[in-house]
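Peer 1: Below is the structure I would like to discuss, written out as structure tokens.
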Amino acid sequence: MPGIKTAAVICHARFLDLASFGEILGQKGYDVRYYDAGQDSLSLDGKPDILITLGGPVGANERSDYPWIDDEMEVLAKHLSAGRPLLAICLGAQILAQTLGARVFKGSPEIGWAPIELTDAGRQSVLRRTGEEGVPVLHWHGDSFDLPVGAQRLASTPRCENQAFTIGSALAVQFHPEVRARDFERWLICNTGQIAAMADHSVMSLRQQAQLHANTAAIVGQDWFAQWLDRT
């Protein structure tokens with residue numbers, strides 16, 4: 001149908017889906033199509049109005065083990081060069097940074113809910129409410145990345161200097177703004193081996209954090225995601 005807006009979503013693991021952001025896309029009238037990395041062709045059908053690349057359990061620089069990373073980098077580069085809106089979350093942000101020539105490396109792991117600290121640019125961005133209100137957001141990553149040349153840093157944490165950046169038509173966040181408490185139950189199931197090896201977290205402690213913080217963080221995340229869509 002003419003006039004229908006399209007959103008292409010690159011999914012690296014099915015438990016890491018759009019979660020609460022899917023509701024906003026529906027409210028805004030987007031036709032959403034998922035592309036599963038490693039299974040679907042990432043050439044994408046046509047030219048989607050927006051592209052979203054989500055989190056995942058692999059490393060962005062594991063390109064020899066996961067050849068689809070190179071395919072995704074090519075797609076992100078083409079979409080960005082065309083000036084079409086791009087949102088990259090966690091692994092997606094790492095792959096985007098790598099696409100832009102930045103180094104991705106093993107960082108200090110962050111797992112659990114904690115606030116971000118905004119830069120001056122961040123306080124002028126759609127993320128301002130998240131930072132200014134000190135809303136704890138979900139972190140779950142072991143890799144970090146250097147800030148790409150030409151990008152503006154929007155947010156940091158003590159363990160991760162580059163929590164969010166913008167460049168051209170792209171917004172990238174290392175944290176997970178989309179996850180509600182009910183969505184997080186899938187994380188507890190799918191990450192059971194990793195959680196069992198943690199010294200400072202357990203299934204119960206992470207669930208308790210989710211019950212305290214996840215829904216508030218997701219509401220704020222939905223708010224800035226809606227603002228971001230309105231600006232595209």
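In the structure tokens, the first chain shown is A, the next is B, and so on; residue numbers restart at 1 for each chain, and ligands run from 1 in the order shown.
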In range 60-117 of chain A, what's alpha helix (DSSP H) per DSSP? Answer as a list in words?
Peer 2: Trp68, Ile69, Asp70, Asp71, Glu72, Met73, Glu74, Val75, Leu76, Ala77, Lys78, His79, Leu80, Ser81, Leu91, Gly92, Ala93, Gln94, Ile95, Leu96, Ala97, Gln98 and Thr99 of chain A
Peer 1: Excluding range 101-118 of chain A and residues on its chain fewer than 2 positions from it, collect all residues at most 7 Å away from it, counting only C-alpha atoms, and give them as a PDB file with C-alpha atoms, in the first residue's frame.
Peer 2:
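The resulting file, out_30.pdb, is reproduced below:
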ATOM      1  CA  ASN A  61      34.980  -8.351  15.558  1.00  0.00           C
ATOM      2  CA  GLN A  94      29.391  -2.032  18.055  1.00  0.00           C
ATOM      3  CA  ALA A  97      31.152   1.741  15.137  1.00  0.00           C
ATOM      4  CA  GLN A  98      33.270  -0.896  13.415  1.00  0.00           C
ATOM      5  CA  THR A  99      31.644  -0.043  10.066  1.00  0.00           C
ATOM      6  CA  ASP A 120      26.508  18.447  26.642  1.00  0.00           C
ATOM      7  CA  GLY A 122      23.484  14.311  25.046  1.00  0.00           C
ATOM      8  CA  ARG A 123      21.545  16.882  27.048  1.00  0.00           C
ATOM      9  CA  GLY A 131      20.281  11.039  31.626  1.00  0.00           C
ATOM     10  CA  GLY A 134      19.152   9.384  36.338  1.00  0.00           C
ATOM     11  CA  VAL A 135      16.971   6.531  35.095  1.00  0.00           C
ATOM     12  CA  PRO A 136      18.824   3.211  35.561  1.00  0.00           C
ATOM     13  CA  VAL A 137      19.028   1.436  32.202  1.00  0.00           C
ATOM     14  CA  LEU A 138      19.946  -2.138  31.348  1.00  0.00           C
ATOM     15  CA  HIS A 139      23.562  -2.846  30.487  1.00  0.00           C
ATOM     16  CA  TRP A 140      24.663  -6.256  29.222  1.00  0.00           C
ATOM     17  CA  HIS A 141      27.909  -6.164  27.282  1.00  0.00           C
ATOM     18  CA  GLY A 142      31.551  -7.138  27.528  1.00  0.00           C
ATOM     19  CA  ASP A 143      32.852  -5.307  24.463  1.00  0.00           C
ATOM     20  CA  SER A 144      33.365  -1.579  24.013  1.00  0.00           C
ATOM     21  CA  PHE A 145      34.342   0.610  21.078  1.00  0.00           C
ATOM     22  CA  ASP A 146      36.214   3.790  20.296  1.00  0.00           C
ATOM     23  CA  LEU A 147      34.196   6.785  19.205  1.00  0.00           C
ATOM     24  CA  PRO A 148      34.051   6.829  15.376  1.00  0.00           C
ATOM     25  CA  LEU A 154      26.099  11.514  23.906  1.00  0.00           C
ATOM     26  CA  ALA A 155      26.583   9.478  27.081  1.00  0.00           C
ATOM     27  CA  SER A 156      29.091   7.561  29.198  1.00  0.00           C
ATOM     28  CA  THR A 157      29.331   5.414  32.317  1.00  0.00           C
ATOM     29  CA  ARG A 159      33.128   1.608  32.858  1.00  0.00           C
ATOM     30  CA  LEU A 206      18.889  -9.757  38.208  1.00  0.00           C
ATOM     31  CA  GLN A 209      16.711  -5.392  39.535  1.00  0.00           C
TER      32      GLN A 209
END
Peer 1: Here is a test: counting only C-alpha atoms, which residue of A:Lys5, A:Arg128, A:Ala199, A:Cys90 is nearest to Asn162 in chain A?
Peer 2: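 Residue with the minimum atom-to-atom distance to Asn162 in chain A: A:Cys90.
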Peer 1: So which residues touch His12 in chain A within 12 Å, counting only C-alpha atoms, skipping near sequence neighbours fewer than 5 positions away, as JSON, numbers by chain?
Peer 2: {"A": [17, 18, 34, 35, 36, 37, 38, 39, 40, 42, 52, 53, 54, 55, 56, 57, 58, 59, 60, 66, 68, 69, 72, 89, 90, 91, 92, 95]}
Peer 1: Have a look at A:Gln27, A:Thr6, A:Ser41, A:Asn215 and name the one nearest to Glu178 in chain A; count only C-alpha atoms.
Peer 2: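 The answer is A:Asn215, which sits nearest to Glu178 in chain A.
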Peer 1: Could you name the residues that touch Asp230 in chain A at 12 Å or less, counting only C-alpha atoms, but leaving out those on the same chain fewer than 6 positions away, as a count of residues only?
Peer 2: 10
Peer 1: Given the choices A:Gly150, A:Ala88, A:Val75, A:Gln222, which gets closest to Gln174 in chain A if the distance is worked out from only C-alpha atoms?
Peer 2: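 Nearest candidate to Gln174 in chain A out of A:Gly150, A:Ala88, A:Val75, A:Gln222: A:Ala88.
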Peer 1: Could you check which of A:Ser205, A:Trp228, A:Arg186, A:Val220 is closest to Phe15 in chain A, using only C-alpha atoms?
Peer 2: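 That would be A:Arg186, the residue with the smallest distance to Phe15 in chain A.
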